[in-house]
Amino acid sequence: MPTTIKEETALKFEPVHLSDLTKITDLYFSQTEIKKESTNFEQPKLTKEFGFPIYKLVKEDLIIGYSYFTVNSSEEIIFNAIINPEYSFGDLESRFIDRSKQKYVSKKELDHKGMKNSITKMVDWLNWSR
């Protein structure tokens with residue numbers, strides 16, 4: 001009779017708070033083509049592709065991933081996630097995206113224009129505050 005070993009993880013799924021945004025932007029820069037290194041002491045600017053962070057994956061006290069939404073050129077809302085590959089396994093990213101989308105949509109009515117505006121305001125504020 002085969003024995004199934006169930007992998008236990010200590011990952012927590014939590015809403016993103018303002019105090020998390022520095023760690024989330026660091027994770028974003030480390031996992032995208034945008035280099036955080038800059039010239040003349042200027043930091044690279046976030047763009048609308050950064051999206052609007054909604055949930056985070058936490059292992060112990062470390063944010064290892066976050067989910068976010070963006071609005072594409074066809075005005076469709078796209079949910080996505082960035083997860084540090086050191087901590088990613090199996091279909092974690094797709095399960096994280098699905099859970100984030102399900103939880104976010106269950107609490108809010110999707111307002112495409114408002115969500116697009118939220119992304120713009122978030123990115124502008126983060127660029128201004130860094």
# chains A, B, ... in the order shown; residues from 1 in each chain; ligands from 1

$ select_by_dssp --residues "chain A" --states "alpha helix (DSSP H)" --output "JSON, numbers by chain"
{"A": [21, 22, 23, 24, 25, 26, 27, 28, 29, 30, 31, 92, 93, 94, 95, 96, 97, 98, 99, 100, 101, 102, 103, 104, 105, 106, 107, 112, 113, 114, 115, 116, 117, 118, 119, 120, 121, 122, 123, 124, 125, 126, 127, 128, 129]}

$ residues_around --residues "Ile97 of chain A" --least-positions-apart "6" --cutoff "7 Å" --atoms "only C-alpha atoms" --output "PyMOL selection string"
chain A and resi 67+79-81

$ write_last_selection --atoms "N, CA, C and O atoms" --output "PDB file, in the first residue's frame"
ATOM      1  N   SER A  67       0.165  39.093  -4.308  1.00  0.00           N
ATOM      2  CA  SER A  67      -0.744  39.086  -5.456  1.00  0.00           C
ATOM      3  C   SER A  67      -1.195  40.512  -5.702  1.00  0.00           C
ATOM      4  O   SER A  67      -1.198  41.343  -4.798  1.00  0.00           O
ATOM      5  N   PHE A  79      -5.535  39.422 -12.571  1.00  0.00           N
ATOM      6  CA  PHE A  79      -4.930  39.113 -11.277  1.00  0.00           C
ATOM      7  C   PHE A  79      -3.656  38.326 -11.537  1.00  0.00           C
ATOM      8  O   PHE A  79      -3.625  37.446 -12.392  1.00  0.00           O
ATOM      9  N   ASN A  80      -2.601  38.655 -10.788  1.00  0.00           N
ATOM     10  CA  ASN A  80      -1.317  38.009 -10.981  1.00  0.00           C
ATOM     11  C   ASN A  80      -0.592  37.943  -9.643  1.00  0.00           C
ATOM     12  O   ASN A  80      -1.082  38.461  -8.644  1.00  0.00           O
ATOM     13  N   ALA A  81       0.584  37.320  -9.644  1.00  0.00           N
ATOM     14  CA  ALA A  81       1.366  37.211  -8.411  1.00  0.00           C
ATOM     15  C   ALA A  81       2.842  37.169  -8.735  1.00  0.00           C
ATOM     16  O   ALA A  81       3.241  36.737  -9.822  1.00  0.00           O
TER      17      ALA A  81
END

$ atom_distance --atom1 "atom CA of Asp26 of chain A" --atom2 "atom CA of Leu126 of chain A"
11.9 Å

$ closest_residue --among "A:Gly51, A:Gly65, A:Leu92, A:Pro85" --to "Ser118 of chain A" --atoms "only C-alpha atoms"
A:Gly51

$ select_by_dssp --residues "chain A" --states "strand (DSSP E or B)" --output "ChimeraX atom specification"
/A:11-15,52-59,62-71,77-83

$ atom_distance --atom1 "atom CA of Gln102 of chain A" --atom2 "atom CA of Tyr68 of chain A"
12.5 Å

$ residues_around --residues "Lys12 of chain A" --least-positions-apart "2" --cutoff "8 Å" --atoms "only C-alpha atoms" --output "PyMOL selection string"
chain A and resi 10+14+56-59

$ write_last_selection --atoms "all heavy atoms" --output "PDB file, in the first residue's frame"
ATOM      1  N   ALA A  10       4.295  26.371   6.147  1.00  0.00           N
ATOM      2  CA  ALA A  10       3.938  27.363   7.161  1.00  0.00           C
ATOM      3  C   ALA A  10       3.695  28.707   6.495  1.00  0.00           C
ATOM      4  O   ALA A  10       4.107  29.734   6.986  1.00  0.00           O
ATOM      5  CB  ALA A  10       5.055  27.454   8.189  1.00  0.00           C
ATOM      6  N   GLU A  14      -2.236  36.701   3.785  1.00  0.00           N
ATOM      7  CA  GLU A  14      -2.709  37.864   4.536  1.00  0.00           C
ATOM      8  C   GLU A  14      -2.911  39.058   3.614  1.00  0.00           C
ATOM      9  O   GLU A  14      -2.241  39.170   2.582  1.00  0.00           O
ATOM     10  CB  GLU A  14      -1.675  38.256   5.608  1.00  0.00           C
ATOM     11  CG  GLU A  14      -1.358  37.180   6.601  1.00  0.00           C
ATOM     12  CD  GLU A  14      -0.219  37.563   7.538  1.00  0.00           C
ATOM     13  OE1 GLU A  14       0.496  38.555   7.275  1.00  0.00           O
ATOM     14  OE2 GLU A  14      -0.039  36.848   8.526  1.00  0.00           O
ATOM     15  N   LYS A  56      -0.566  38.985   0.479  1.00  0.00           N
ATOM     16  CA  LYS A  56       0.832  38.584   0.557  1.00  0.00           C
ATOM     17  C   LYS A  56       0.918  37.154   1.080  1.00  0.00           C
ATOM     18  O   LYS A  56       0.034  36.677   1.781  1.00  0.00           O
ATOM     19  CB  LYS A  56       1.611  39.529   1.476  1.00  0.00           C
ATOM     20  CG  LYS A  56       1.104  39.532   2.908  1.00  0.00           C
ATOM     21  CD  LYS A  56       1.798  40.564   3.768  1.00  0.00           C
ATOM     22  CE  LYS A  56       1.145  40.610   5.160  1.00  0.00           C
ATOM     23  NZ  LYS A  56       1.704  41.614   6.010  1.00  0.00           N
ATOM     24  N   LEU A  57       2.008  36.484   0.694  1.00  0.00           N
ATOM     25  CA  LEU A  57       2.351  35.173   1.236  1.00  0.00           C
ATOM     26  C   LEU A  57       3.508  35.390   2.184  1.00  0.00           C
ATOM     27  O   LEU A  57       4.515  35.999   1.811  1.00  0.00           O
ATOM     28  CB  LEU A  57       2.809  34.223   0.120  1.00  0.00           C
ATOM     29  CG  LEU A  57       1.764  33.415  -0.603  1.00  0.00           C
ATOM     30  CD1 LEU A  57       2.424  32.526  -1.652  1.00  0.00           C
ATOM     31  CD2 LEU A  57       0.940  32.580   0.342  1.00  0.00           C
ATOM     32  N   VAL A  58       3.369  34.895   3.402  1.00  0.00           N
ATOM     33  CA  VAL A  58       4.382  35.123   4.426  1.00  0.00           C
ATOM     34  C   VAL A  58       4.848  33.771   4.968  1.00  0.00           C
ATOM     35  O   VAL A  58       4.037  32.901   5.285  1.00  0.00           O
ATOM     36  CB  VAL A  58       3.811  35.979   5.581  1.00  0.00           C
ATOM     37  CG1 VAL A  58       4.843  36.215   6.656  1.00  0.00           C
ATOM     38  CG2 VAL A  58       3.273  37.293   5.047  1.00  0.00           C
ATOM     39  N   LYS A  59       6.165  33.613   5.032  1.00  0.00           N
ATOM     40  CA  LYS A  59       6.753  32.443   5.678  1.00  0.00           C
ATOM     41  C   LYS A  59       7.548  32.975   6.856  1.00  0.00           C
ATOM     42  O   LYS A  59       8.492  33.737   6.674  1.00  0.00           O
ATOM     43  CB  LYS A  59       7.652  31.674   4.729  1.00  0.00           C
ATOM     44  CG  LYS A  59       8.226  30.425   5.348  1.00  0.00           C
ATOM     45  CD  LYS A  59       8.959  29.585   4.348  1.00  0.00           C
ATOM     46  CE  LYS A  59       9.401  28.309   5.041  1.00  0.00           C
ATOM     47  NZ  LYS A  59       9.943  27.365   4.092  1.00  0.00           N
TER      48      LYS A  59
END

$ closest_residue --among "A:Trp128, A:Tyr104, A:Phe52, A:Phe96" --to "Lys116 of chain A" --atoms "only C-alpha atoms"
A:Phe52

$ residues_around --residues "Lys121 of chain A" --least-positions-apart "6" --cutoff "10 Å" --atoms "only C-alpha atoms" --output "list in words"
Lys48, Phe52, Met115 and Asn127 of chain A

$ closest_residue --among "A:Glu93, A:Arg130, A:Thr25, A:Ser106" --to "Gln43 of chain A" --atoms "only C-alpha atoms"
A:Arg130

$ closest_residue --among "A:Lys103, A:His112, A:Lys23, A:His17" --to "Ile77 of chain A" --atoms "only C-alpha atoms"
A:His112

$ closest_residue --among "A:Thr70, A:Ile64, A:Ile54, A:Thr32" --to "Arg99 of chain A" --atoms "only C-alpha atoms"
A:Ile54

$ residues_around --residues "Tyr28 of chain A" --least-positions-apart "2" --cutoff "10 Å" --atoms "only C-alpha atoms" --output "CSV table (one decimal) with N, CA and C atoms, in the first residue's frame"
chain,number,residue,atom,x,y,z
A,22,THR,N,7.3,48.6,1.3
A,22,THR,CA,8.7,48.6,1.0
A,22,THR,C,9.2,47.3,0.6
A,23,LYS,N,8.9,46.3,1.4
A,23,LYS,CA,9.3,44.9,1.1
A,23,LYS,C,8.7,44.4,-0.2
A,24,ILE,N,7.5,44.7,-0.5
A,24,ILE,CA,6.9,44.3,-1.7
A,24,ILE,C,7.5,44.9,-2.9
A,25,THR,N,7.9,46.2,-2.8
A,25,THR,CA,8.5,46.9,-4.0
A,25,THR,C,9.9,46.2,-4.2
A,26,ASP,N,10.6,45.9,-3.1
A,26,ASP,CA,11.9,45.3,-3.2
A,26,ASP,C,11.8,43.9,-3.9
A,30,SER,N,13.3,42.7,-7.5
A,30,SER,CA,14.2,41.6,-7.5
A,30,SER,C,13.7,40.5,-8.5
A,31,GLN,N,12.4,40.5,-8.8
A,31,GLN,CA,11.9,39.4,-9.6
A,31,GLN,C,11.5,39.9,-11.0
A,32,THR,N,11.7,41.1,-11.3
A,32,THR,CA,11.4,41.6,-12.7
A,32,THR,C,12.7,42.1,-13.4
A,33,GLU,N,12.5,42.5,-14.6
A,33,GLU,CA,13.6,43.0,-15.4
A,33,GLU,C,14.1,44.4,-15.0
A,34,ILE,N,13.3,45.1,-14.2
A,34,ILE,CA,13.7,46.4,-13.8
A,34,ILE,C,14.8,46.3,-12.7
A,35,LYS,N,15.8,46.9,-12.9
A,35,LYS,CA,16.9,46.9,-12.0
A,35,LYS,C,16.8,48.0,-11.0
A,36,LYS,N,17.0,47.6,-9.7
A,36,LYS,CA,16.9,48.6,-8.7
A,36,LYS,C,18.1,49.6,-8.6
A,46,LEU,N,8.4,52.9,-10.5
A,46,LEU,CA,7.4,51.9,-10.7
A,46,LEU,C,6.5,52.3,-11.8
A,50,PHE,N,3.3,47.3,-12.1
A,50,PHE,CA,3.5,46.9,-10.7
A,50,PHE,C,2.1,46.5,-10.1
A,65,GLY,N,5.9,36.5,-1.3
A,65,GLY,CA,5.2,36.7,-2.5
A,65,GLY,C,4.0,37.7,-2.3
A,66,TYR,N,3.5,38.2,-3.4
A,66,TYR,CA,2.3,39.1,-3.2
A,66,TYR,C,1.5,38.9,-4.5
A,81,ALA,N,0.6,37.3,-9.6
A,81,ALA,CA,1.4,37.2,-8.4
A,81,ALA,C,2.8,37.2,-8.7
A,82,ILE,N,3.6,37.6,-7.8
A,82,ILE,CA,5.1,37.5,-7.8
A,82,ILE,C,5.5,36.7,-6.6
A,83,ILE,N,6.2,35.6,-6.8
A,83,ILE,CA,6.6,34.8,-5.6
A,83,ILE,C,8.1,34.6,-5.8
A,84,ASN,N,8.9,34.7,-4.7
A,84,ASN,CA,10.3,34.5,-4.7
A,84,ASN,C,10.5,33.0,-5.1

$ closest_residue --among "A:Phe29, A:Gly114, A:Phe69, A:Asp98" --to "Lys45 of chain A" --atoms "only C-alpha atoms"
A:Phe29
